>>> print(open('upload-v8.cif').read())   # mmCIF, C-alpha atoms (C1' of nucleotides)
data_start
#
loop_
_atom_site.label_atom_id
_atom_site.label_comp_id
_atom_site.auth_asym_id
_atom_site.auth_seq_id
_atom_site.Cartn_x
_atom_site.Cartn_y
_atom_site.Cartn_z
CA MET T 1 19.44 59.34 -13.50
CA ILE T 2 16.90 59.47 -16.32
CA ALA T 3 19.75 58.64 -18.70
CA GLU T 4 19.91 55.03 -17.51
CA PHE T 5 16.20 54.65 -18.08
CA LYS T 6 16.37 56.10 -21.57
CA ARG T 7 19.18 53.77 -22.52
CA TYR T 8 17.14 50.84 -21.22
CA ILE T 9 13.80 51.71 -22.77
CA LYS T 10 15.22 52.63 -26.17
CA GLU T 11 16.71 49.19 -26.38
CA LYS T 12 13.39 47.52 -25.60
CA VAL T 13 10.77 49.66 -27.32
CA LYS T 14 10.66 51.81 -30.44
CA LEU T 15 9.68 55.22 -29.14
CA SER T 16 9.56 58.69 -30.64
CA GLU T 17 11.32 61.54 -28.88
CA GLU T 18 7.95 62.98 -27.88
CA ASP T 19 6.92 59.68 -26.32
CA LEU T 20 10.15 59.56 -24.38
CA GLU T 21 9.67 63.11 -23.21
CA LEU T 22 6.12 62.33 -22.12
CA ILE T 23 7.26 59.35 -20.12
CA ARG T 24 10.01 61.37 -18.52
CA SER T 25 7.72 64.27 -17.70
CA VAL T 26 5.62 62.20 -15.31
CA ALA T 27 8.49 60.27 -13.75
CA VAL T 28 9.70 61.18 -10.28
CA GLU T 29 13.37 60.69 -9.47
CA LYS T 30 14.16 59.39 -6.04
CA ILE T 31 17.34 58.57 -4.21
CA VAL T 32 17.10 55.99 -1.46
CA ARG T 33 19.67 55.00 1.11
CA ARG T 34 20.44 51.44 2.09
CA LYS T 35 17.73 49.99 4.39
CA GLN T 36 15.27 52.66 3.43
CA LEU T 37 11.71 51.47 2.77
CA LEU T 38 9.85 52.22 -0.45
CA LEU T 39 6.76 50.27 0.48
CA GLN T 40 5.45 49.00 3.80
CA GLN T 41 3.09 46.18 4.58
CA GLY T 42 -0.38 47.66 5.12
CA GLU T 43 0.25 50.64 2.87
CA VAL T 44 -1.31 50.97 -0.56
CA CYS T 45 1.42 50.71 -3.18
CA ARG T 46 1.48 53.97 -5.12
CA TYR T 47 4.20 53.50 -7.72
CA LYS T 48 5.76 51.43 -10.39
CA ILE T 49 9.47 51.57 -9.65
CA PHE T 50 12.30 51.38 -12.15
CA ILE T 51 15.74 50.86 -10.67
CA CYS T 52 18.42 52.98 -12.37
CA LYS T 53 21.14 52.09 -9.93
CA GLY T 54 21.37 49.96 -6.82
CA LEU T 55 19.41 46.98 -5.56
CA LEU T 56 15.94 46.58 -4.07
CA ARG T 57 14.36 43.70 -2.26
CA THR T 58 10.68 42.75 -2.03
CA TYR T 59 9.79 40.65 0.96
CA ARG T 60 6.95 39.60 3.16
CA THR T 61 6.76 38.68 6.83
CA ARG T 62 4.84 36.16 8.84
CA GLU T 63 3.15 36.82 12.16
CA ASP T 64 6.23 35.43 13.91
CA GLY T 65 8.34 38.15 12.30
CA SER T 66 10.23 35.91 9.89
CA GLU T 67 11.10 37.55 6.57
CA HIS T 68 10.68 35.87 3.21
CA VAL T 69 12.23 37.40 0.12
CA MET T 70 10.02 37.39 -2.95
CA MET T 71 12.32 39.19 -5.36
CA PHE T 72 15.54 41.11 -5.86
CA SER T 73 15.51 44.03 -8.27
CA PRO T 74 18.87 45.36 -9.47
CA GLU T 75 19.45 48.18 -11.95
CA THR T 76 17.35 48.03 -15.14
CA TRP T 77 14.68 45.99 -13.38
CA TRP T 78 11.33 46.93 -12.00
CA ALA T 79 9.68 46.60 -8.63
CA THR T 80 6.16 47.15 -7.39
CA ASP T 81 3.27 45.29 -5.84
CA PRO T 82 0.93 44.98 -8.82
CA GLU T 83 -1.91 43.63 -6.71
CA SER T 84 -1.87 46.56 -4.34
CA LEU T 85 -1.19 49.07 -7.11
CA ASN T 86 -3.98 47.86 -9.37
CA ASN T 87 -6.63 47.32 -6.76
CA GLN T 88 -5.56 50.08 -4.38
CA THR T 89 -5.61 47.59 -1.55
CA PRO T 90 -3.19 47.37 1.38
CA SER T 91 -0.04 45.56 0.40
CA PHE T 92 1.33 42.41 2.04
CA TYR T 93 4.85 43.34 1.05
CA TYR T 94 7.78 45.46 2.01
CA ILE T 95 10.16 46.91 -0.55
CA ASP T 96 13.47 48.21 0.72
CA ALA T 97 16.91 49.05 -0.60
CA LEU T 98 19.84 46.70 -0.06
CA GLU T 99 22.21 49.30 -1.46
CA ASP T 100 22.02 53.08 -1.86
CA SER T 101 19.88 53.30 -4.99
CA GLU T 102 18.47 55.63 -7.59
CA VAL T 103 14.97 54.92 -8.82
CA LEU T 104 12.24 56.36 -10.99
CA LEU T 105 8.60 56.35 -9.91
CA TRP T 106 5.36 56.47 -11.86
CA THR T 107 1.93 56.57 -10.26
CA LYS T 108 -0.70 54.13 -11.37
CA LYS T 109 -2.65 56.93 -13.01
CA ASP T 110 0.28 58.33 -14.93
CA PHE T 111 1.42 54.95 -16.09
CA ALA T 112 -2.07 54.13 -17.30
CA MET T 113 -2.10 57.41 -19.20
CA LEU T 114 1.23 56.53 -20.79
CA CYS T 115 -0.02 53.10 -21.83
CA ALA T 116 -3.14 54.64 -23.34
CA LYS T 117 -1.14 57.15 -25.38
CA ILE T 118 1.76 54.89 -26.30
CA PRO T 119 0.59 51.46 -27.50
CA ALA T 120 4.15 50.20 -27.83
CA LEU T 121 4.72 50.87 -24.14
CA LYS T 122 1.50 49.10 -23.28
CA SER T 123 2.48 45.99 -25.17
CA TYR T 124 5.96 46.03 -23.69
CA SER T 125 4.39 46.27 -20.28
CA GLU T 126 2.22 43.27 -21.07
CA LYS T 127 5.27 41.38 -22.19
CA LEU T 128 6.96 42.10 -18.86
CA ILE T 129 3.91 40.80 -17.04
CA SER T 130 3.91 37.55 -18.94
CA THR T 131 7.64 37.17 -18.38
CA ASN T 132 7.00 37.61 -14.69
CA LEU T 133 4.30 34.98 -14.83
CA ASN T 134 6.74 32.55 -16.42
CA ILE T 135 9.45 33.27 -13.90
CA GLY T 136 6.93 32.73 -11.14
CA ARG T 137 5.85 29.37 -12.55
CA GLN T 138 9.42 28.27 -12.86
CA ARG T 139 10.02 29.23 -9.26
CA ILE T 140 6.95 27.33 -8.09
CA PHE T 141 8.11 24.24 -9.94
CA SER T 142 11.52 24.60 -8.40
CA ALA T 143 10.05 25.04 -4.94
CA LEU T 144 7.96 21.89 -5.39
CA SER T 145 10.54 19.65 -6.93
CA ALA T 146 14.13 20.74 -6.38
CA THR T 147 16.46 19.95 -3.50
CA PRO T 148 17.96 22.88 -1.61
CA GLU T 149 21.24 22.38 -3.43
CA GLU T 150 19.54 22.45 -6.81
CA LYS T 151 17.69 25.62 -5.84
CA TYR T 152 20.93 27.20 -4.78
CA ASP T 153 22.73 26.22 -7.97
CA GLU T 154 19.84 27.52 -10.07
CA PHE T 155 19.91 30.80 -8.24
CA VAL T 156 23.63 31.31 -8.70
CA ALA T 157 23.36 30.34 -12.36
CA SER T 158 20.36 32.59 -13.01
CA TYR T 159 21.57 35.65 -11.15
CA PRO T 160 25.37 35.49 -11.08
CA ASN T 161 25.79 39.26 -11.06
CA ILE T 162 23.47 40.02 -8.18
CA PHE T 163 24.33 36.92 -6.17
CA ALA T 164 27.59 38.47 -5.02
CA ARG T 165 25.78 41.54 -3.72
CA ILE T 166 23.30 39.77 -1.49
CA PRO T 167 23.96 38.47 2.03
CA LEU T 168 23.63 34.72 2.22
CA HIS T 169 20.85 34.75 4.75
CA MET T 170 18.73 36.63 2.22
CA VAL T 171 19.57 34.11 -0.46
CA ALA T 172 18.48 31.41 1.97
CA SER T 173 15.27 33.32 2.60
CA TYR T 174 14.64 33.64 -1.15
CA LEU T 175 15.18 29.92 -1.61
CA GLY T 176 13.03 28.93 1.33
CA VAL T 177 15.78 27.12 3.26
CA SER T 178 17.55 27.94 6.49
CA LEU T 179 20.90 29.70 6.48
CA LYS T 180 22.27 26.61 8.13
CA THR T 181 21.31 24.42 5.21
CA LEU T 182 22.83 26.89 2.78
CA SER T 183 26.07 26.94 4.75
CA ARG T 184 26.21 23.16 4.63
CA ILE T 185 25.66 23.11 0.90
CA ARG T 186 28.40 25.63 0.29
CA GLN T 187 30.74 23.79 2.63
CA ALA T 188 30.12 20.55 0.76
CA GLN T 189 30.71 22.20 -2.60
CA LEU T 190 34.00 23.69 -1.42
CA LYS T 191 35.27 20.22 -0.62
CA ARG T 192 34.82 19.10 -4.22
CA MET N 1 -21.61 22.72 -23.94
CA ILE N 2 -21.35 26.29 -25.12
CA ALA N 3 -24.19 27.12 -22.74
CA GLU N 4 -21.93 26.83 -19.69
CA PHE N 5 -19.46 29.18 -21.26
CA LYS N 6 -22.10 31.75 -22.13
CA ARG N 7 -23.44 31.69 -18.61
CA TYR N 8 -19.92 32.22 -17.30
CA ILE N 9 -18.80 34.96 -19.65
CA LYS N 10 -22.00 36.94 -19.43
CA GLU N 11 -21.51 37.17 -15.72
CA LYS N 12 -17.97 38.47 -16.10
CA VAL N 13 -18.05 40.73 -19.16
CA LYS N 14 -20.64 42.96 -20.77
CA LEU N 15 -20.93 41.57 -24.29
CA SER N 16 -23.31 42.14 -27.17
CA GLU N 17 -25.02 39.17 -28.81
CA GLU N 18 -22.83 39.62 -31.88
CA ASP N 19 -19.68 39.52 -29.74
CA LEU N 20 -20.89 36.34 -28.10
CA GLU N 21 -21.65 34.82 -31.45
CA LEU N 22 -18.21 35.76 -32.76
CA ILE N 23 -16.53 34.17 -29.77
CA ARG N 24 -18.61 31.05 -30.18
CA SER N 25 -17.97 30.82 -33.90
CA VAL N 26 -14.23 30.25 -33.45
CA ALA N 27 -14.50 27.98 -30.42
CA VAL N 28 -13.98 24.26 -30.81
CA GLU N 29 -15.90 21.90 -28.57
CA LYS N 30 -14.04 18.90 -27.31
CA ILE N 31 -14.92 16.00 -25.09
CA VAL N 32 -12.06 14.35 -23.24
CA ARG N 33 -12.05 11.16 -21.27
CA ARG N 34 -10.36 10.74 -17.92
CA LYS N 35 -6.57 10.37 -18.30
CA GLN N 36 -6.63 11.81 -21.78
CA LEU N 37 -3.87 14.32 -22.57
CA LEU N 38 -4.62 17.78 -23.94
CA LEU N 39 -1.00 18.91 -23.99
CA GLN N 40 2.25 17.01 -23.88
CA GLN N 41 5.69 18.10 -22.76
CA GLY N 42 7.69 18.99 -25.86
CA GLU N 43 4.63 19.94 -27.89
CA VAL N 44 3.77 23.52 -28.71
CA CYS N 45 0.60 24.50 -26.85
CA ARG N 46 -2.02 25.41 -29.43
CA TYR N 47 -5.06 26.40 -27.38
CA LYS N 48 -6.55 28.36 -24.62
CA ILE N 49 -8.84 25.92 -22.86
CA PHE N 50 -12.04 26.73 -21.00
CA ILE N 51 -13.43 23.94 -18.88
CA CYS N 52 -17.23 23.63 -19.13
CA LYS N 53 -17.44 20.44 -17.16
CA GLY N 54 -14.95 18.16 -15.47
CA LEU N 55 -11.47 18.70 -14.08
CA LEU N 56 -8.06 19.18 -15.69
CA ARG N 57 -4.60 19.03 -14.21
CA THR N 58 -1.46 20.82 -15.36
CA TYR N 59 1.75 19.16 -14.27
CA ARG N 60 5.41 18.87 -15.05
CA THR N 61 7.91 16.06 -14.65
CA ARG N 62 11.54 15.83 -13.68
CA GLU N 63 14.12 13.68 -15.39
CA ASP N 64 13.55 11.04 -12.73
CA GLY N 65 9.91 10.79 -13.81
CA SER N 66 8.40 12.42 -10.74
CA GLU N 67 5.27 14.44 -11.41
CA HIS N 68 4.61 17.87 -9.94
CA VAL N 69 1.17 19.41 -10.18
CA MET N 70 1.13 23.08 -11.07
CA MET N 71 -2.60 23.61 -11.21
CA PHE N 72 -6.06 22.09 -11.11
CA SER N 73 -8.72 23.52 -13.40
CA PRO N 74 -12.35 22.61 -12.67
CA GLU N 75 -15.41 23.83 -14.56
CA THR N 76 -15.53 27.59 -15.30
CA TRP N 77 -11.74 27.82 -15.09
CA TRP N 78 -9.11 28.05 -17.77
CA ALA N 79 -6.06 26.05 -18.61
CA THR N 80 -3.20 26.57 -21.02
CA ASP N 81 0.54 27.05 -21.09
CA PRO N 82 0.77 30.77 -21.81
CA GLU N 83 4.53 30.66 -22.32
CA SER N 84 4.32 27.97 -24.98
CA LEU N 85 1.18 29.44 -26.52
CA ASN N 86 2.54 32.97 -26.79
CA ASN N 87 6.03 32.15 -27.93
CA GLN N 88 5.19 29.02 -29.91
CA THR N 89 7.90 27.18 -28.04
CA PRO N 90 7.83 23.58 -26.80
CA SER N 91 5.99 23.28 -23.53
CA PHE N 92 7.41 21.93 -20.30
CA TYR N 93 3.96 20.88 -19.16
CA TYR N 94 1.38 18.19 -19.49
CA ILE N 95 -2.31 18.90 -19.27
CA ASP N 96 -4.62 15.95 -18.73
CA ALA N 97 -8.12 15.21 -17.54
CA LEU N 98 -8.76 13.87 -14.05
CA GLU N 99 -12.42 13.36 -14.91
CA ASP N 100 -14.32 12.96 -18.15
CA SER N 101 -14.56 16.58 -19.22
CA GLU N 102 -16.05 18.98 -21.73
CA VAL N 103 -13.89 21.85 -22.87
CA LEU N 104 -13.81 24.68 -25.36
CA LEU N 105 -10.67 25.51 -27.33
CA TRP N 106 -9.48 28.71 -28.99
CA THR N 107 -6.29 28.96 -30.99
CA LYS N 108 -3.83 31.73 -30.21
CA LYS N 109 -4.66 33.44 -33.48
CA ASP N 110 -8.43 33.34 -32.99
CA PHE N 111 -8.19 34.52 -29.42
CA ALA N 112 -5.97 37.42 -30.48
CA MET N 113 -8.53 38.31 -33.12
CA LEU N 114 -11.28 38.25 -30.50
CA CYS N 115 -9.29 40.48 -28.17
CA ALA N 116 -8.64 42.93 -30.99
CA LYS N 117 -12.31 43.15 -31.90
CA ILE N 118 -13.73 43.03 -28.38
CA PRO N 119 -11.89 45.37 -26.01
CA ALA N 120 -13.95 44.22 -23.05
CA LEU N 121 -12.74 40.67 -23.62
CA LYS N 122 -9.17 41.86 -23.87
CA SER N 123 -9.34 43.69 -20.58
CA TYR N 124 -11.03 40.75 -18.89
CA SER N 125 -8.25 38.54 -20.18
CA GLU N 126 -5.69 40.93 -18.70
CA LYS N 127 -7.52 40.83 -15.43
CA LEU N 128 -7.32 37.03 -15.41
CA ILE N 129 -3.60 37.23 -16.05
CA SER N 130 -3.03 39.56 -13.15
CA THR N 131 -5.17 37.38 -10.91
CA ASN N 132 -2.99 34.46 -11.90
CA LEU N 133 0.09 36.45 -11.08
CA ASN N 134 -1.28 37.16 -7.62
CA ILE N 135 -2.22 33.55 -7.01
CA GLY N 136 1.26 32.53 -8.09
CA ARG N 137 2.88 34.99 -5.71
CA GLN N 138 0.75 33.77 -2.88
CA ARG N 139 1.76 30.22 -3.65
CA ILE N 140 5.43 31.12 -3.74
CA PHE N 141 5.15 32.80 -0.37
CA SER N 142 3.38 29.78 0.99
CA ALA N 143 6.02 27.45 -0.43
CA LEU N 144 8.77 29.53 1.19
CA SER N 145 7.24 30.08 4.56
CA ALA N 146 4.50 27.65 5.46
CA THR N 147 4.73 24.26 7.13
CA PRO N 148 3.26 21.28 5.29
CA GLU N 149 0.25 21.36 7.57
CA GLU N 150 -0.36 25.05 6.89
CA LYS N 151 -0.10 24.41 3.17
CA TYR N 152 -2.58 21.59 3.42
CA ASP N 153 -5.03 23.64 5.46
CA GLU N 154 -4.72 26.54 3.02
CA PHE N 155 -5.41 24.25 0.13
CA VAL N 156 -8.51 22.72 1.68
CA ALA N 157 -9.76 26.16 2.65
CA SER N 158 -9.07 27.67 -0.77
CA TYR N 159 -10.43 24.86 -2.90
CA PRO N 160 -12.98 23.01 -0.77
CA ASN N 161 -15.08 21.98 -3.74
CA ILE N 162 -12.31 20.49 -5.84
CA PHE N 163 -10.39 19.02 -2.92
CA ALA N 164 -12.82 16.15 -2.61
CA ARG N 165 -12.37 15.26 -6.27
CA ILE N 166 -8.60 14.93 -6.24
CA PRO N 167 -6.60 11.91 -5.06
CA LEU N 168 -4.45 12.72 -2.07
CA HIS N 169 -1.19 11.90 -3.77
CA MET N 170 -1.94 14.65 -6.28
CA VAL N 171 -2.71 17.08 -3.49
CA ALA N 172 0.63 16.14 -1.97
CA SER N 173 2.30 16.73 -5.31
CA TYR N 174 0.64 20.13 -5.62
CA LEU N 175 1.81 21.07 -2.14
CA GLY N 176 5.33 19.82 -2.67
CA VAL N 177 5.27 17.27 0.15
CA SER N 178 5.29 13.50 0.12
CA LEU N 179 2.12 11.49 0.40
CA LYS N 180 3.54 10.11 3.61
CA THR N 181 3.74 13.55 5.16
CA LEU N 182 0.20 14.34 4.07
CA SER N 183 -1.07 11.09 5.59
CA ARG N 184 0.61 11.94 8.86
CA ILE N 185 -0.95 15.40 8.92
CA ARG N 186 -4.40 14.03 8.27
CA GLN N 187 -3.92 11.33 10.86
CA ALA N 188 -2.89 13.91 13.44
CA GLN N 189 -5.88 16.12 12.63
CA LEU N 190 -8.27 13.21 13.00
CA LYS N 191 -7.08 12.68 16.55
CA ARG N 192 -8.11 16.20 17.56
"C1'" DT O 1 -17.99 -10.54 -13.05
"C1'" DA O 2 -13.14 -11.09 -12.34
"C1'" DA O 3 -8.58 -9.34 -12.75
"C1'" DA O 4 -5.77 -5.37 -12.62
"C1'" DA O 5 -4.76 -0.89 -11.20
"C1'" DA O 6 -5.17 2.94 -8.22
"C1'" DT O 7 -5.49 4.72 -3.74
"C1'" DA O 8 -4.19 5.42 0.93
"C1'" DG O 9 -2.57 4.02 5.15
"C1'" DC O 10 1.22 2.16 8.42
"C1'" DG O 11 5.91 0.70 10.31
"C1'" DT O 12 10.69 1.20 10.26
"C1'" DC O 13 14.74 3.34 9.30
"C1'" DA O 14 17.99 6.74 7.53
"C1'" DA O 15 18.83 11.21 5.91
"C1'" DA O 16 17.90 15.99 5.67
"C1'" DT O 17 16.78 20.01 7.90
"C1'" DG O 18 15.94 23.39 11.50
"C1'" DT O 19 16.71 25.57 16.08
"C1'" DC O 20 19.69 27.17 19.51
"C1'" DC O 21 23.93 28.31 20.94
"C1'" DG O 22 28.44 30.60 20.69
"C1'" DC O 23 32.36 32.62 18.15
"C1'" DA O 24 35.16 35.16 14.77
"C1'" DT O 25 35.34 38.50 11.28
"C1'" DT O 26 33.71 42.24 8.66
"C1'" DT O 27 30.92 46.16 8.04
"C1'" DT O 28 28.32 50.00 9.59
"C1'" DA O 29 27.08 53.92 12.32
"C1'" DC O 30 27.85 57.55 15.46
"C1'" DG F 1 38.12 55.85 15.79
"C1'" DT F 2 35.39 53.05 18.47
"C1'" DA F 3 31.27 50.71 19.72
"C1'" DA F 4 27.54 48.25 17.80
"C1'" DA F 5 25.48 45.53 14.43
"C1'" DA F 6 25.56 42.34 10.72
"C1'" DT F 7 27.32 38.35 8.67
"C1'" DG F 8 28.68 33.64 8.28
"C1'" DC F 9 30.25 29.42 10.17
"C1'" DG F 10 30.10 25.38 13.11
"C1'" DG F 11 28.61 22.02 16.95
"C1'" DA F 12 24.98 19.51 19.29
"C1'" DC F 13 20.63 17.99 19.34
"C1'" DA F 14 15.73 17.18 18.27
"C1'" DT F 15 12.42 16.94 14.76
"C1'" DT F 16 10.66 16.47 10.38
"C1'" DT F 17 10.52 14.36 6.25
"C1'" DG F 18 11.20 10.98 2.80
"C1'" DA F 19 12.15 6.28 0.98
"C1'" DC F 20 10.92 1.59 0.94
"C1'" DG F 21 8.17 -2.24 1.63
"C1'" DC F 22 3.82 -4.17 2.76
"C1'" DT F 23 -1.27 -4.43 3.07
"C1'" DA F 24 -6.25 -3.44 2.75
"C1'" DT F 25 -9.74 -1.32 0.23
"C1'" DT F 26 -11.79 0.81 -3.59
"C1'" DT F 27 -12.15 1.77 -8.34
"C1'" DT F 28 -11.45 0.87 -13.02
"C1'" DT F 29 -11.17 -1.89 -16.94
"C1'" DA F 30 -11.79 -5.63 -19.96
#
>>> encode(input="upload-v8.cif", output="structure tokens")
Amino acid sequence: MIAEFKRYIKEKVKLSEEDLELIRSVAVEKIVRRKQLLLQQGEVCRYKIFICKGLLRTYRTREDGSEHVMMFSPETWWATDPESLNNQTPSFYYIDALEDSEVLLWTKKDFAMLCAKIPALKSYSEKLISTNLNIGRQRIFSALSATPEEKYDEFVASYPNIFARIPLHMVASYLGVSLKTLSRIRQAQLKR
Amino acid sequence: MIAEFKRYIKEKVKLSEEDLELIRSVAVEKIVRRKQLLLQQGEVCRYKIFICKGLLRTYRTREDGSEHVMMFSPETWWATDPESLNNQTPSFYYIDALEDSEVLLWTKKDFAMLCAKIPALKSYSEKLISTNLNIGRQRIFSALSATPEEKYDEFVASYPNIFARIPLHMVASYLGVSLKTLSRIRQAQLKR
DNA sequence: TAAAAATAGCGTCAAATGTCCGCATTTTAC
DNA sequence: GTAAAATGCGGACATTTGACGCTATTTTTA
């Protein structure tokens, strides 16, 4: 399982073998089954999660029980609730597995130690954060300005590989439209 | 004009007088009139902007010319396009002044120098970034799940002081609803 | 000070969207 | 292997929302 992570991180960051070994030594391997929760609303988020294999979903609920998907994380992506992790406050989010998955976990403390000892990792981590910020801004703009069909097309174009692995009602939830609307859009596109 | 900044930064970060002086020495003071642009779509963003006085707006347009407000920045806030600034790529955004304003500017290079020499500033800057990430997530969740009225109420509750300074059609644009819808909501609330 | 622009509201109408319902098919779980 | 759950579609209907045009008032600009 660590092999996938090594392949990923070597491609992104120049690391010595000792650095790699240090990172590995504080990582916890975990296997999760489909539907299993990695984080619950109300809990303090304890880990940064790297997905070696499988697919995770981060979502949030309203008082009425409705679920709203914030993010999908397939293999070679990350998942966590940075707000809860950094501030050690109860999280608003759930993270669960949409497929049987294999993940690596680092605690806040260990990851901070790694960043302190390995500047290249720290700056890569910062780069990921700013990428996330940009993706978030793009999504806000899309939410403000795009029609449901445009949102759908953007999603399929941006995430073609994971699109096929996600039930449509979760895509609808991610886009902020009803499943009904999504069905109509797809129906209309089929007719062209 | 620098006085407002000093008051602000002293409250947030422990800094020596030399640090403060260094920060000041590379800052550029600028006075902008209402409607004046500080950044144009297509331009590379050159500065981090701190607002001493006044009110800025960051927005983006679609091909059809419609404007969509990403952010309002009143005094003691910041504005910039981090994506364009960091990567030196053309920006998607406009930044303009909604009121006559006084701002301080730092180039990417100077700000990087400051962060390198003043670790406390660097970590404060990181904290701002993560706060922005959290605000963005909250806004995405709201865009996905809230009704227009809930979004409006949230906005008024979150930004009571700047709400009164912004024309309603810009509030509507920020919320991603039409001015018509916003008028209807306000009308309905008046009747209660 | 006067003209022009910005702001915000309203009425009407059409279109988009959501909710509720059932149904058929596939997938999952025991 | 069989029952249960999940998934996706479609119809009917009500509601929300937006687009357009018009007007009154305020603010800005020259």
>>> resolve_selection(input="upload-v8.cif", expression="the PyMOL selection byres ((chain N) within 9 of (chain F))", output="JSON, numbers by chain")
{"N": [177, 178, 180, 181]}
>>> closest_residue(input="upload-v8.cif", among="T:Gly136, T:Pro74, T:Gly176, T:Pro119", to="chain O", atoms="only C-alpha atoms (C1' of nucleotides)")
T:Gly176
>>> closest_atom_pairs(input="upload-v8.cif", of="chain O", to="chain N", cutoff="10 Å", atoms="only C-alpha atoms (C1' of nucleotides)", output="Markdown table")
| residue | atom | partner | partner_atom | distance |
| --- | --- | --- | --- | --- |
| O:DA6 | C1' | N:Pro167 | CA | 9.6 |
| O:DT7 | C1' | N:Pro167 | CA | 7.4 |
| O:DA8 | C1' | N:Leu168 | CA | 7.9 |
| O:DG9 | C1' | N:Ser183 | CA | 7.2 |
| O:DC10 | C1' | N:Lys180 | CA | 9.6 |
>>> write_last_selection(input="upload-v8.cif", atoms="C-alpha atoms (C1' of nucleotides)", output="PDB file, in the frame of the given file")
ATOM      1  C1'  DA O   6      -5.170   2.940  -8.220  1.00  0.00           C
ATOM      2  C1'  DT O   7      -5.490   4.720  -3.740  1.00  0.00           C
ATOM      3  C1'  DA O   8      -4.190   5.420   0.930  1.00  0.00           C
ATOM      4  C1'  DG O   9      -2.570   4.020   5.150  1.00  0.00           C
ATOM      5  C1'  DC O  10       1.220   2.160   8.420  1.00  0.00           C
TER       6       DC O  10
END
>>> resolve_selection(input="upload-v8.cif", expression="the PyMOL selection byres ((chain N) within 12 of (chain T))", output="VMD selection string")
chain N and resid 58 to 71 81 to 87 91 to 93 122 to 123 125 to 148 171 to 178
>>> atom_distance(input="upload-v8.cif", atom1="CA of Arg7 in chain T", atom2="CA of Gln36 in chain T")
26.3 Å
>>> atom_distance(input="upload-v8.cif", atom1="CA of Thr80 in chain T", atom2="CA of Leu121 in chain T")
17.2 Å
>>> atom_distance(input="upload-v8.cif", atom1="CA of Thr89 in chain T", atom2="CA of Tyr124 in chain N")
19.4 Å
>>> residues_near_point(input="upload-v8.cif", point="(28.7, 52.2, 5.8)", cutoff="12 Å", atoms="only C-alpha atoms (C1' of nucleotides)", output="VMD selection string")
(chain T and resid 33 to 35 98 to 100) or (chain O and resid 26 to 30) or (chain F and resid 5 to 6)
>>> build_atoms(input="upload-v8.cif", residues="range 84-97 of chain T", atoms="N, CA and C atoms", output="PDB file, in the frame of the given file")
ATOM      1  N   SER T  84      -1.513  45.383  -5.116  1.00  0.00           N
ATOM      2  CA  SER T  84      -1.870  46.560  -4.340  1.00  0.00           C
ATOM      3  C   SER T  84      -2.021  47.783  -5.245  1.00  0.00           C
ATOM      4  N   LEU T  85      -1.150  47.920  -6.205  1.00  0.00           N
ATOM      5  CA  LEU T  85      -1.190  49.070  -7.110  1.00  0.00           C
ATOM      6  C   LEU T  85      -2.478  49.065  -7.938  1.00  0.00           C
ATOM      7  N   ASN T  86      -2.798  47.932  -8.509  1.00  0.00           N
ATOM      8  CA  ASN T  86      -3.980  47.860  -9.370  1.00  0.00           C
ATOM      9  C   ASN T  86      -5.282  48.011  -8.612  1.00  0.00           C
ATOM     10  N   ASN T  87      -5.353  47.344  -7.473  1.00  0.00           N
ATOM     11  CA  ASN T  87      -6.630  47.320  -6.760  1.00  0.00           C
ATOM     12  C   ASN T  87      -6.717  48.360  -5.661  1.00  0.00           C
ATOM     13  N   GLN T  88      -5.601  49.074  -5.454  1.00  0.00           N
ATOM     14  CA  GLN T  88      -5.560  50.080  -4.380  1.00  0.00           C
ATOM     15  C   GLN T  88      -5.939  49.458  -3.039  1.00  0.00           C
ATOM     16  N   THR T  89      -5.381  48.292  -2.817  1.00  0.00           N
ATOM     17  CA  THR T  89      -5.610  47.590  -1.550  1.00  0.00           C
ATOM     18  C   THR T  89      -4.316  47.583  -0.736  1.00  0.00           C
ATOM     19  N   PRO T  90      -4.405  47.412   0.561  1.00  0.00           N
ATOM     20  CA  PRO T  90      -3.190  47.370   1.380  1.00  0.00           C
ATOM     21  C   PRO T  90      -2.267  46.248   0.923  1.00  0.00           C
ATOM     22  N   SER T  91      -0.999  46.548   0.893  1.00  0.00           N
ATOM     23  CA  SER T  91      -0.040  45.560   0.400  1.00  0.00           C
ATOM     24  C   SER T  91       0.385  44.596   1.507  1.00  0.00           C
ATOM     25  N   PHE T  92       0.747  43.378   1.103  1.00  0.00           N
ATOM     26  CA  PHE T  92       1.330  42.410   2.040  1.00  0.00           C
ATOM     27  C   PHE T  92       2.847  42.556   2.114  1.00  0.00           C
ATOM     28  N   TYR T  93       3.401  43.356   1.239  1.00  0.00           N
ATOM     29  CA  TYR T  93       4.850  43.340   1.050  1.00  0.00           C
ATOM     30  C   TYR T  93       5.569  44.570   1.566  1.00  0.00           C
ATOM     31  N   TYR T  94       6.852  44.371   1.798  1.00  0.00           N
ATOM     32  CA  TYR T  94       7.780  45.460   2.010  1.00  0.00           C
ATOM     33  C   TYR T  94       8.704  45.540   0.789  1.00  0.00           C
ATOM     34  N   ILE T  95       9.085  46.740   0.429  1.00  0.00           N
ATOM     35  CA  ILE T  95      10.160  46.910  -0.550  1.00  0.00           C
ATOM     36  C   ILE T  95      11.191  47.811   0.097  1.00  0.00           C
ATOM     37  N   ASP T  96      12.423  47.355   0.165  1.00  0.00           N
ATOM     38  CA  ASP T  96      13.470  48.210   0.720  1.00  0.00           C
ATOM     39  C   ASP T  96      14.728  48.134  -0.137  1.00  0.00           C
ATOM     40  N   ALA T  97      15.682  48.973   0.187  1.00  0.00           N
ATOM     41  CA  ALA T  97      16.910  49.050  -0.600  1.00  0.00           C
ATOM     42  C   ALA T  97      18.025  48.283   0.110  1.00  0.00           C
TER      43      ALA T  97
END
